[in-house]
>>> print(open('target-v1.pdb').read())   # PDB, C-alpha atoms
ATOM      1  CA  MET B  30       0.000   0.000   0.000  1.00  0.00           C
ATOM      2  CA  ARG B  31       1.549   3.290  -1.099  1.00  0.00           C
ATOM      3  CA  ILE B  32      -0.056   6.626  -0.316  1.00  0.00           C
ATOM      4  CA  ILE B  33       0.945   9.901  -1.924  1.00  0.00           C
ATOM      5  CA  GLY B  34       0.544  13.002   0.240  1.00  0.00           C
ATOM      6  CA  LEU B  35      -0.040  16.343  -1.469  1.00  0.00           C
ATOM      7  CA  ASP B  36       0.192  19.809   0.058  1.00  0.00           C
ATOM      8  CA  VAL B  37      -1.531  21.836  -2.663  1.00  0.00           C
ATOM      9  CA  GLY B  38      -0.722  25.536  -2.730  1.00  0.00           C
ATOM     10  CA  THR B  39      -1.227  28.277  -5.281  1.00  0.00           C
ATOM     11  CA  LYS B  40       2.406  28.224  -6.461  1.00  0.00           C
ATOM     12  CA  THR B  41       3.695  24.810  -5.391  1.00  0.00           C
ATOM     13  CA  ILE B  42       2.566  21.300  -4.505  1.00  0.00           C
ATOM     14  CA  GLY B  43       4.542  19.514  -1.820  1.00  0.00           C
ATOM     15  CA  VAL B  44       4.762  15.763  -2.422  1.00  0.00           C
ATOM     16  CA  ALA B  45       5.386  12.961   0.065  1.00  0.00           C
ATOM     17  CA  ILE B  46       5.113   9.186  -0.252  1.00  0.00           C
ATOM     18  CA  SER B  47       4.586   6.427   2.258  1.00  0.00           C
ATOM     19  CA  ASP B  48       6.829   3.406   2.441  1.00  0.00           C
ATOM     20  CA  PRO B  49       5.232   0.184   1.049  1.00  0.00           C
ATOM     21  CA  LEU B  50       4.091  -0.883   4.536  1.00  0.00           C
ATOM     22  CA  GLY B  51       2.399   2.443   5.259  1.00  0.00           C
ATOM     23  CA  LEU B  52       4.537   3.138   8.326  1.00  0.00           C
ATOM     24  CA  THR B  53       6.591   6.205   7.379  1.00  0.00           C
ATOM     25  CA  ALA B  54       6.275   9.218   5.107  1.00  0.00           C
ATOM     26  CA  GLN B  55       9.132  10.773   3.183  1.00  0.00           C
ATOM     27  CA  GLY B  56       9.148  14.112   1.396  1.00  0.00           C
ATOM     28  CA  VAL B  57       9.772  13.459  -2.288  1.00  0.00           C
ATOM     29  CA  LYS B  58       9.643  16.696  -4.237  1.00  0.00           C
ATOM     30  CA  THR B  59       8.045  20.049  -4.786  1.00  0.00           C
ATOM     31  CA  ILE B  60       6.069  20.576  -7.964  1.00  0.00           C
ATOM     32  CA  TYR B  61       6.106  24.160  -9.193  1.00  0.00           C
ATOM     33  CA  ARG B  62       2.636  24.816 -10.567  1.00  0.00           C
ATOM     34  CA  LYS B  63       2.419  25.644 -14.269  1.00  0.00           C
ATOM     35  CA  GLY B  64      -1.292  25.200 -14.934  1.00  0.00           C
ATOM     36  CA  LEU B  65      -3.850  22.466 -14.377  1.00  0.00           C
ATOM     37  CA  GLU B  66      -2.800  20.221 -17.262  1.00  0.00           C
ATOM     38  CA  ALA B  67       0.899  20.326 -16.318  1.00  0.00           C
ATOM     39  CA  ASP B  68       0.022  19.789 -12.639  1.00  0.00           C
ATOM     40  CA  MET B  69      -2.144  16.768 -13.496  1.00  0.00           C
ATOM     41  CA  ASN B  70       0.602  15.332 -15.712  1.00  0.00           C
ATOM     42  CA  ALA B  71       2.990  15.598 -12.752  1.00  0.00           C
ATOM     43  CA  VAL B  72       0.499  13.777 -10.504  1.00  0.00           C
ATOM     44  CA  ASP B  73      -0.068  11.135 -13.211  1.00  0.00           C
ATOM     45  CA  ALA B  74       3.683  10.507 -13.275  1.00  0.00           C
ATOM     46  CA  LEU B  75       3.794  10.170  -9.467  1.00  0.00           C
ATOM     47  CA  ILE B  76       0.949   7.639  -9.458  1.00  0.00           C
ATOM     48  CA  ARG B  77       2.736   5.568 -12.108  1.00  0.00           C
ATOM     49  CA  GLU B  78       6.173   5.877 -10.508  1.00  0.00           C
ATOM     50  CA  PHE B  79       5.081   4.835  -7.031  1.00  0.00           C
ATOM     51  CA  GLY B  80       2.112   2.591  -7.871  1.00  0.00           C
ATOM     52  CA  ALA B  81       0.012   4.542  -5.384  1.00  0.00           C
ATOM     53  CA  ASP B  82      -3.262   3.148  -4.046  1.00  0.00           C
ATOM     54  CA  GLU B  83      -4.423   6.389  -2.458  1.00  0.00           C
ATOM     55  CA  ILE B  84      -3.782  10.121  -2.480  1.00  0.00           C
ATOM     56  CA  MET B  85      -4.066  12.146   0.715  1.00  0.00           C
ATOM     57  CA  ILE B  86      -4.563  15.868   0.137  1.00  0.00           C
ATOM     58  CA  GLY B  87      -4.030  18.343   2.938  1.00  0.00           C
ATOM     59  CA  LEU B  88      -6.872  20.768   3.612  1.00  0.00           C
ATOM     60  CA  PRO B  89      -5.652  24.214   4.676  1.00  0.00           C
ATOM     61  CA  LEU B  90      -8.504  24.941   7.078  1.00  0.00           C
ATOM     62  CA  ASN B  91      -8.667  28.284   8.858  1.00  0.00           C
ATOM     63  CA  MET B  92      -7.481  28.270  12.474  1.00  0.00           C
ATOM     64  CA  ASN B  93     -11.109  28.159  13.660  1.00  0.00           C
ATOM     65  CA  GLY B  94     -11.719  25.052  11.528  1.00  0.00           C
ATOM     66  CA  SER B  95     -13.741  26.796   8.825  1.00  0.00           C
ATOM     67  CA  SER B  96     -13.144  26.461   5.096  1.00  0.00           C
ATOM     68  CA  GLY B  97     -11.933  29.181   2.777  1.00  0.00           C
ATOM     69  CA  PRO B  98     -10.802  29.557  -0.829  1.00  0.00           C
ATOM     70  CA  SER B  99      -7.667  27.458  -0.248  1.00  0.00           C
ATOM     71  CA  VAL B 100      -9.767  24.501   0.918  1.00  0.00           C
ATOM     72  CA  GLU B 101     -11.920  24.764  -2.200  1.00  0.00           C
ATOM     73  CA  MET B 102      -8.790  24.857  -4.364  1.00  0.00           C
ATOM     74  CA  ALA B 103      -7.451  21.683  -2.703  1.00  0.00           C
ATOM     75  CA  LYS B 104     -10.787  19.881  -3.088  1.00  0.00           C
ATOM     76  CA  ASN B 105     -11.054  20.930  -6.742  1.00  0.00           C
ATOM     77  CA  PHE B 106      -7.560  19.555  -7.301  1.00  0.00           C
ATOM     78  CA  GLY B 107      -8.614  16.241  -5.749  1.00  0.00           C
ATOM     79  CA  GLU B 108     -11.717  16.128  -7.947  1.00  0.00           C
ATOM     80  CA  GLU B 109      -9.542  16.622 -11.038  1.00  0.00           C
ATOM     81  CA  ILE B 110      -7.393  13.663  -9.993  1.00  0.00           C
ATOM     82  CA  GLU B 111     -10.521  11.528  -9.469  1.00  0.00           C
ATOM     83  CA  LYS B 112     -11.687  12.345 -13.006  1.00  0.00           C
ATOM     84  CA  ARG B 113      -8.451  10.871 -14.375  1.00  0.00           C
ATOM     85  CA  HIS B 114      -7.744   7.967 -12.022  1.00  0.00           C
ATOM     86  CA  PRO B 115      -9.778   5.355 -10.161  1.00  0.00           C
ATOM     87  CA  ILE B 116      -7.848   6.085  -6.973  1.00  0.00           C
ATOM     88  CA  LYS B 117      -9.017   6.783  -3.446  1.00  0.00           C
ATOM     89  CA  ILE B 118      -8.722  10.465  -2.481  1.00  0.00           C
ATOM     90  CA  THR B 119      -8.586  11.335   1.219  1.00  0.00           C
ATOM     91  CA  TYR B 120      -8.505  14.802   2.754  1.00  0.00           C
ATOM     92  CA  ARG B 121      -6.776  15.662   6.011  1.00  0.00           C
ATOM     93  CA  ASP B 122      -6.510  18.807   8.121  1.00  0.00           C
ATOM     94  CA  GLU B 123      -3.121  20.420   7.525  1.00  0.00           C
ATOM     95  CA  ARG B 124      -3.469  23.568   9.642  1.00  0.00           C
ATOM     96  CA  TYR B 125      -0.185  23.258  11.514  1.00  0.00           C
ATOM     97  CA  SER B 126       1.909  21.368   8.962  1.00  0.00           C
ATOM     98  CA  THR B 127       4.017  24.222   7.594  1.00  0.00           C
ATOM     99  CA  MET B 128       4.596  25.592  11.086  1.00  0.00           C
ATOM    100  CA  ALA B 129       5.681  22.154  12.338  1.00  0.00           C
ATOM    101  CA  ALA B 130       7.922  21.527   9.323  1.00  0.00           C
ATOM    102  CA  THR B 131       9.519  24.953   9.780  1.00  0.00           C
ATOM    103  CA  ARG B 132      10.181  24.218  13.447  1.00  0.00           C
ATOM    104  CA  ILE B 133      11.828  20.887  12.577  1.00  0.00           C
ATOM    105  CA  LEU B 134      14.047  22.566   9.977  1.00  0.00           C
ATOM    106  CA  LEU B 135      14.971  25.375  12.379  1.00  0.00           C
ATOM    107  CA  GLU B 136      15.908  22.837  15.049  1.00  0.00           C
ATOM    108  CA  GLY B 137      18.115  21.187  12.437  1.00  0.00           C
ATOM    109  CA  ASP B 138      19.823  24.551  11.855  1.00  0.00           C
ATOM    110  CA  ILE B 139      18.874  24.528   8.161  1.00  0.00           C
ATOM    111  CA  SER B 140      19.540  27.825   6.372  1.00  0.00           C
ATOM    112  CA  ARG B 141      16.643  29.994   5.198  1.00  0.00           C
ATOM    113  CA  LYS B 142      17.477  29.290   1.553  1.00  0.00           C
ATOM    114  CA  LYS B 143      17.490  25.516   2.085  1.00  0.00           C
ATOM    115  CA  ARG B 144      14.295  25.693   4.182  1.00  0.00           C
ATOM    116  CA  LYS B 145      12.496  27.456   1.342  1.00  0.00           C
ATOM    117  CA  ALA B 146      13.540  24.704  -1.063  1.00  0.00           C
ATOM    118  CA  VAL B 147      12.198  21.823   1.066  1.00  0.00           C
ATOM    119  CA  ILE B 148       9.384  23.260   3.203  1.00  0.00           C
ATOM    120  CA  ASP B 149       6.530  22.147   0.922  1.00  0.00           C
ATOM    121  CA  LYS B 150       7.602  18.514   0.705  1.00  0.00           C
ATOM    122  CA  MET B 151       8.359  18.495   4.451  1.00  0.00           C
ATOM    123  CA  ALA B 152       4.865  19.826   5.192  1.00  0.00           C
ATOM    124  CA  ALA B 153       3.371  17.139   2.931  1.00  0.00           C
ATOM    125  CA  ALA B 154       5.397  14.471   4.763  1.00  0.00           C
ATOM    126  CA  TYR B 155       4.261  15.820   8.150  1.00  0.00           C
ATOM    127  CA  VAL B 156       0.559  15.614   7.202  1.00  0.00           C
ATOM    128  CA  LEU B 157       0.988  12.214   5.541  1.00  0.00           C
ATOM    129  CA  GLN B 158       2.779  10.843   8.610  1.00  0.00           C
ATOM    130  CA  GLY B 159      -0.134  11.975  10.775  1.00  0.00           C
ATOM    131  CA  TYR B 160      -2.516  10.175   8.451  1.00  0.00           C
ATOM    132  CA  LEU B 161      -0.420   6.993   8.484  1.00  0.00           C
ATOM    133  CA  ASP B 162      -0.314   7.095  12.300  1.00  0.00           C
ATOM    134  CA  TYR B 163      -4.100   7.529  12.364  1.00  0.00           C
ATOM    135  CA  LEU B 164      -4.600   4.527  10.045  1.00  0.00           C
ATOM    136  CA  ARG B 165      -2.285   2.372  12.153  1.00  0.00           C
ATOM    137  CA  ASN B 166      -3.942   3.314  15.443  1.00  0.00           C
ATOM    138  CA  LYS B 167      -7.577   3.079  14.367  1.00  0.00           C
ATOM    139  CA  GLY B 168      -7.349  -0.678  13.831  1.00  0.00           C
TER     140      GLY B 168
END
>>> encode(input="target-v1.pdb", output="C-alpha cells")
Amino acid sequence: MRIIGLDVGTKTIGVAISDPLGLTAQGVKTIYRKGLEADMNAVDALIREFGADEIMIGLPLNMNGSSGPSVEMAKNFGEEIEKRHPIKITYRDERYSTMAATRILLEGDISRKKRKAVIDKMAAAYVLQGYLDYLRNKG
C-alpha cells in the first residue's frame, strides 16, 4: 500500500510518499505549478512511478476550523485527480503542517534558503505521517 501526500498551494505542490508498509512518510519533491494540465501530468507521473493506491490531500482549514478559498482549491484539485484515475482520495486537516515543518528545519539549523527549497515537501510528509499514524492506530 503506497499513499501519496499532497500539500496543494497556489504556487507549489509539496509531495510525500509512504513506504510500502504504510509506516513512514518521506518528502519526495516540490512541484512548481504551471497550470492544471501540467500539474495533473505531474500527478499522473507520481501515481505511475510509485504505484500509489491512495492520495491524501491536505486541507488548509482556517485556524477556527472553517473552510476558505484554499480549501476549495485543494478539493477541486482532488476532484480533477478523481476524473483521471480510479484512486481513493482522502482529505486531512493540515493547519499546523508548515509551522511544524519549519520548526523541525529550524531545530536542524537549516539555512533559510534551504528551508524554502524543502518546506513544501516536508509539510506534505508531516501531514501524511499523521494520516499513516491515524490509520495504524484506528485498527
>>> atom_distance(input="target-v1.pdb", atom1="atom CA of Gly159 of chain B", atom2="atom CA of Lys63 of chain B")
28.6 Å
>>> resolve_selection(input="target-v1.pdb", expression="the PyMOL selection byres ((chain B and resi 101) around 12)", output="PyMOL selection string")
chain B and resi 37-39+86-90+95-100+102-108+120
>>> residues_around(input="target-v1.pdb", residues="Ala54 of chain B", least_positions_apart="5", cutoff="7 Å", atoms="all atoms listed in the file", output="ChimeraX atom specification")
/B:45-48,154,157-158
>>> atom_distance(input="target-v1.pdb", atom1="atom CA of Gly64 of chain B", atom2="atom CA of Val156 of chain B")
24.2 Å
>>> residues_around(input="target-v1.pdb", residues="Ala153 of chain B", least_positions_apart="2", cutoff="8 Å", atoms="all atoms listed in the file", output="PyMOL selection string")
chain B and resi 34-36+43-45+56+87+126+149-151+155-157
>>> residues_around(input="target-v1.pdb", residues="segment 111-118 of chain B", least_positions_apart="2", cutoff="6 Å", atoms="all atoms listed in the file", output="PDB file with C-alpha atoms, in the coordinates of the input")
ATOM      1  CA  GLU B  83      -4.423   6.389  -2.458  1.00  0.00           C
ATOM      2  CA  ILE B  84      -3.782  10.121  -2.480  1.00  0.00           C
ATOM      3  CA  MET B  85      -4.066  12.146   0.715  1.00  0.00           C
ATOM      4  CA  GLU B 108     -11.717  16.128  -7.947  1.00  0.00           C
ATOM      5  CA  GLU B 109      -9.542  16.622 -11.038  1.00  0.00           C
TER       6      GLU B 109
END
>>> atom_distance(input="target-v1.pdb", atom1="atom CA of Ile42 of chain B", atom2="atom CA of Asp82 of chain B")
19.1 Å
>>> closest_residue(input="target-v1.pdb", among="B:Arg77, B:Lys58, B:Lys167, B:Lys40", to="Ala152 of chain B", atoms="all atoms listed in the file")
B:Lys58
>>> closest_residue(input="target-v1.pdb", among="B:Glu78, B:Glu123, B:Asp162, B:Glu136", to="Val57 of chain B", atoms="all atoms listed in the file")
B:Glu78
>>> closest_residue(input="target-v1.pdb", among="B:Ile110, B:Thr131, B:Ile148, B:Met92", to="Glu66 of chain B", atoms="only C-alpha atoms")
B:Ile110
>>> axis_aligned_box(input="target-v1.pdb", around="segment 71-86 of chain B", padding_each_side="6 Å", output="JSON")
{"center_x": 0.8, "center_y": 9.2, "center_z": -6.3, "size_x": 22.7, "size_y": 25.3, "size_z": 26.0}
>>> residues_around(input="target-v1.pdb", residues="Leu161 of chain B", least_positions_apart="4", cutoff="7 Å", atoms="all atoms listed in the file", output="CSV table (one decimal) with C-alpha atoms, in the coordinates of the input")
chain,number,residue,atom,x,y,z
B,51,GLY,CA,2.4,2.4,5.3
B,52,LEU,CA,4.5,3.1,8.3
B,157,LEU,CA,1.0,12.2,5.5
B,165,ARG,CA,-2.3,2.4,12.2
>>> closest_residue(input="target-v1.pdb", among="B:Ile32, B:Val147, B:Leu50, B:Ile139", to="Leu75 of chain B", atoms="all atoms listed in the file")
B:Ile32
>>> closest_residue(input="target-v1.pdb", among="B:Ile60, B:Met69, B:Gly80, B:Gly94", to="Asp122 of chain B", atoms="only C-alpha atoms")
B:Gly94
>>> decode(input="target-v1.pdb", residues="segment 94-120 of chain B", atoms="N, CA, C and O atoms", output="CSV table (one decimal), in the first residue's frame")
chain,number,residue,atom,x,y,z
B,94,GLY,N,-11.2,26.3,12.1
B,94,GLY,CA,-11.7,25.1,11.5
B,94,GLY,C,-12.6,25.3,10.3
B,94,GLY,O,-13.1,24.3,9.7
B,95,SER,N,-12.9,26.5,10.0
B,95,SER,CA,-13.7,26.8,8.8
B,95,SER,C,-13.0,26.7,7.5
B,95,SER,O,-11.7,26.7,7.5
B,96,SER,N,-13.7,26.6,6.4
B,96,SER,CA,-13.1,26.5,5.1
B,96,SER,C,-13.0,27.8,4.5
B,96,SER,O,-13.8,28.7,4.7
B,97,GLY,N,-12.1,28.0,3.5
B,97,GLY,CA,-11.9,29.2,2.8
B,97,GLY,C,-11.6,28.8,1.4
B,97,GLY,O,-11.7,27.7,0.9
B,98,PRO,N,-11.1,29.8,0.6
B,98,PRO,CA,-10.8,29.6,-0.8
B,98,PRO,C,-9.7,28.5,-1.0
B,98,PRO,O,-9.7,27.8,-2.0
B,99,SER,N,-8.8,28.4,-0.1
B,99,SER,CA,-7.7,27.5,-0.2
B,99,SER,C,-8.2,26.0,-0.1
B,99,SER,O,-7.7,25.1,-0.8
B,100,VAL,N,-9.2,25.8,0.8
B,100,VAL,CA,-9.8,24.5,0.9
B,100,VAL,C,-10.5,24.1,-0.4
B,100,VAL,O,-10.4,23.0,-0.8
B,101,GLU,N,-11.2,25.0,-0.9
B,101,GLU,CA,-11.9,24.8,-2.2
B,101,GLU,C,-10.9,24.4,-3.3
B,101,GLU,O,-11.2,23.5,-4.1
B,102,MET,N,-9.8,25.1,-3.4
B,102,MET,CA,-8.8,24.9,-4.4
B,102,MET,C,-8.3,23.4,-4.2
B,102,MET,O,-8.1,22.7,-5.2
B,103,ALA,N,-8.0,23.0,-3.0
B,103,ALA,CA,-7.5,21.7,-2.7
B,103,ALA,C,-8.5,20.6,-3.1
B,103,ALA,O,-8.1,19.6,-3.7
B,104,LYS,N,-9.7,20.8,-2.7
B,104,LYS,CA,-10.8,19.9,-3.1
B,104,LYS,C,-11.0,19.8,-4.6
B,104,LYS,O,-11.2,18.7,-5.1
B,105,ASN,N,-10.9,20.9,-5.3
B,105,ASN,CA,-11.1,20.9,-6.7
B,105,ASN,C,-9.9,20.2,-7.4
B,105,ASN,O,-10.1,19.4,-8.4
B,106,PHE,N,-8.7,20.3,-6.8
B,106,PHE,CA,-7.6,19.6,-7.3
B,106,PHE,C,-7.8,18.0,-7.1
B,106,PHE,O,-7.5,17.3,-8.1
B,107,GLY,N,-8.3,17.6,-6.0
B,107,GLY,CA,-8.6,16.2,-5.7
B,107,GLY,C,-9.7,15.7,-6.7
B,107,GLY,O,-9.6,14.6,-7.2
B,108,GLU,N,-10.7,16.5,-7.0
B,108,GLU,CA,-11.7,16.1,-7.9
B,108,GLU,C,-11.2,15.9,-9.3
B,108,GLU,O,-11.6,15.0,-10.1
B,109,GLU,N,-10.2,16.8,-9.7
B,109,GLU,CA,-9.5,16.6,-11.0
B,109,GLU,C,-8.8,15.3,-11.1
B,109,GLU,O,-8.8,14.6,-12.1
B,110,ILE,N,-8.1,14.9,-10.0
B,110,ILE,CA,-7.4,13.7,-10.0
B,110,ILE,C,-8.4,12.5,-10.1
B,110,ILE,O,-8.2,11.6,-10.9
B,111,GLU,N,-9.5,12.6,-9.4
B,111,GLU,CA,-10.5,11.5,-9.5
B,111,GLU,C,-11.1,11.4,-10.9
B,111,GLU,O,-11.4,10.2,-11.3
B,112,LYS,N,-11.2,12.4,-11.6
B,112,LYS,CA,-11.7,12.3,-13.0
B,112,LYS,C,-10.8,11.5,-13.9
B,112,LYS,O,-11.2,10.9,-14.9
B,113,ARG,N,-9.5,11.5,-13.5
B,113,ARG,CA,-8.5,10.9,-14.4
B,113,ARG,C,-8.0,9.5,-13.9
B,113,ARG,O,-7.5,8.7,-14.7
B,114,HIS,N,-8.2,9.2,-12.6
B,114,HIS,CA,-7.7,8.0,-12.0
B,114,HIS,C,-8.8,7.3,-11.1
B,114,HIS,O,-9.4,8.1,-10.3
B,115,PRO,N,-8.9,6.0,-11.1
B,115,PRO,CA,-9.8,5.4,-10.2
B,115,PRO,C,-9.0,5.1,-8.9
B,115,PRO,O,-8.6,4.0,-8.5
B,116,ILE,N,-8.7,6.2,-8.2
B,116,ILE,CA,-7.8,6.1,-7.0
B,116,ILE,C,-8.6,6.7,-5.8
B,116,ILE,O,-9.3,7.7,-6.0
B,117,LYS,N,-8.4,6.2,-4.6
B,117,LYS,CA,-9.0,6.8,-3.4
B,117,LYS,C,-8.4,8.1,-3.1
B,117,LYS,O,-7.1,8.2,-3.1
B,118,ILE,N,-9.2,9.1,-2.9
B,118,ILE,CA,-8.7,10.5,-2.5
B,118,ILE,C,-9.2,10.7,-1.0
B,118,ILE,O,-10.4,10.5,-0.8
B,119,THR,N,-8.3,11.0,-0.2
B,119,THR,CA,-8.6,11.3,1.2
B,119,THR,C,-8.1,12.8,1.5
B,119,THR,O,-7.1,13.2,1.0
B,120,TYR,N,-8.9,13.4,2.4
B,120,TYR,CA,-8.5,14.8,2.8
B,120,TYR,C,-8.2,14.8,4.2
B,120,TYR,O,-8.8,14.1,5.0
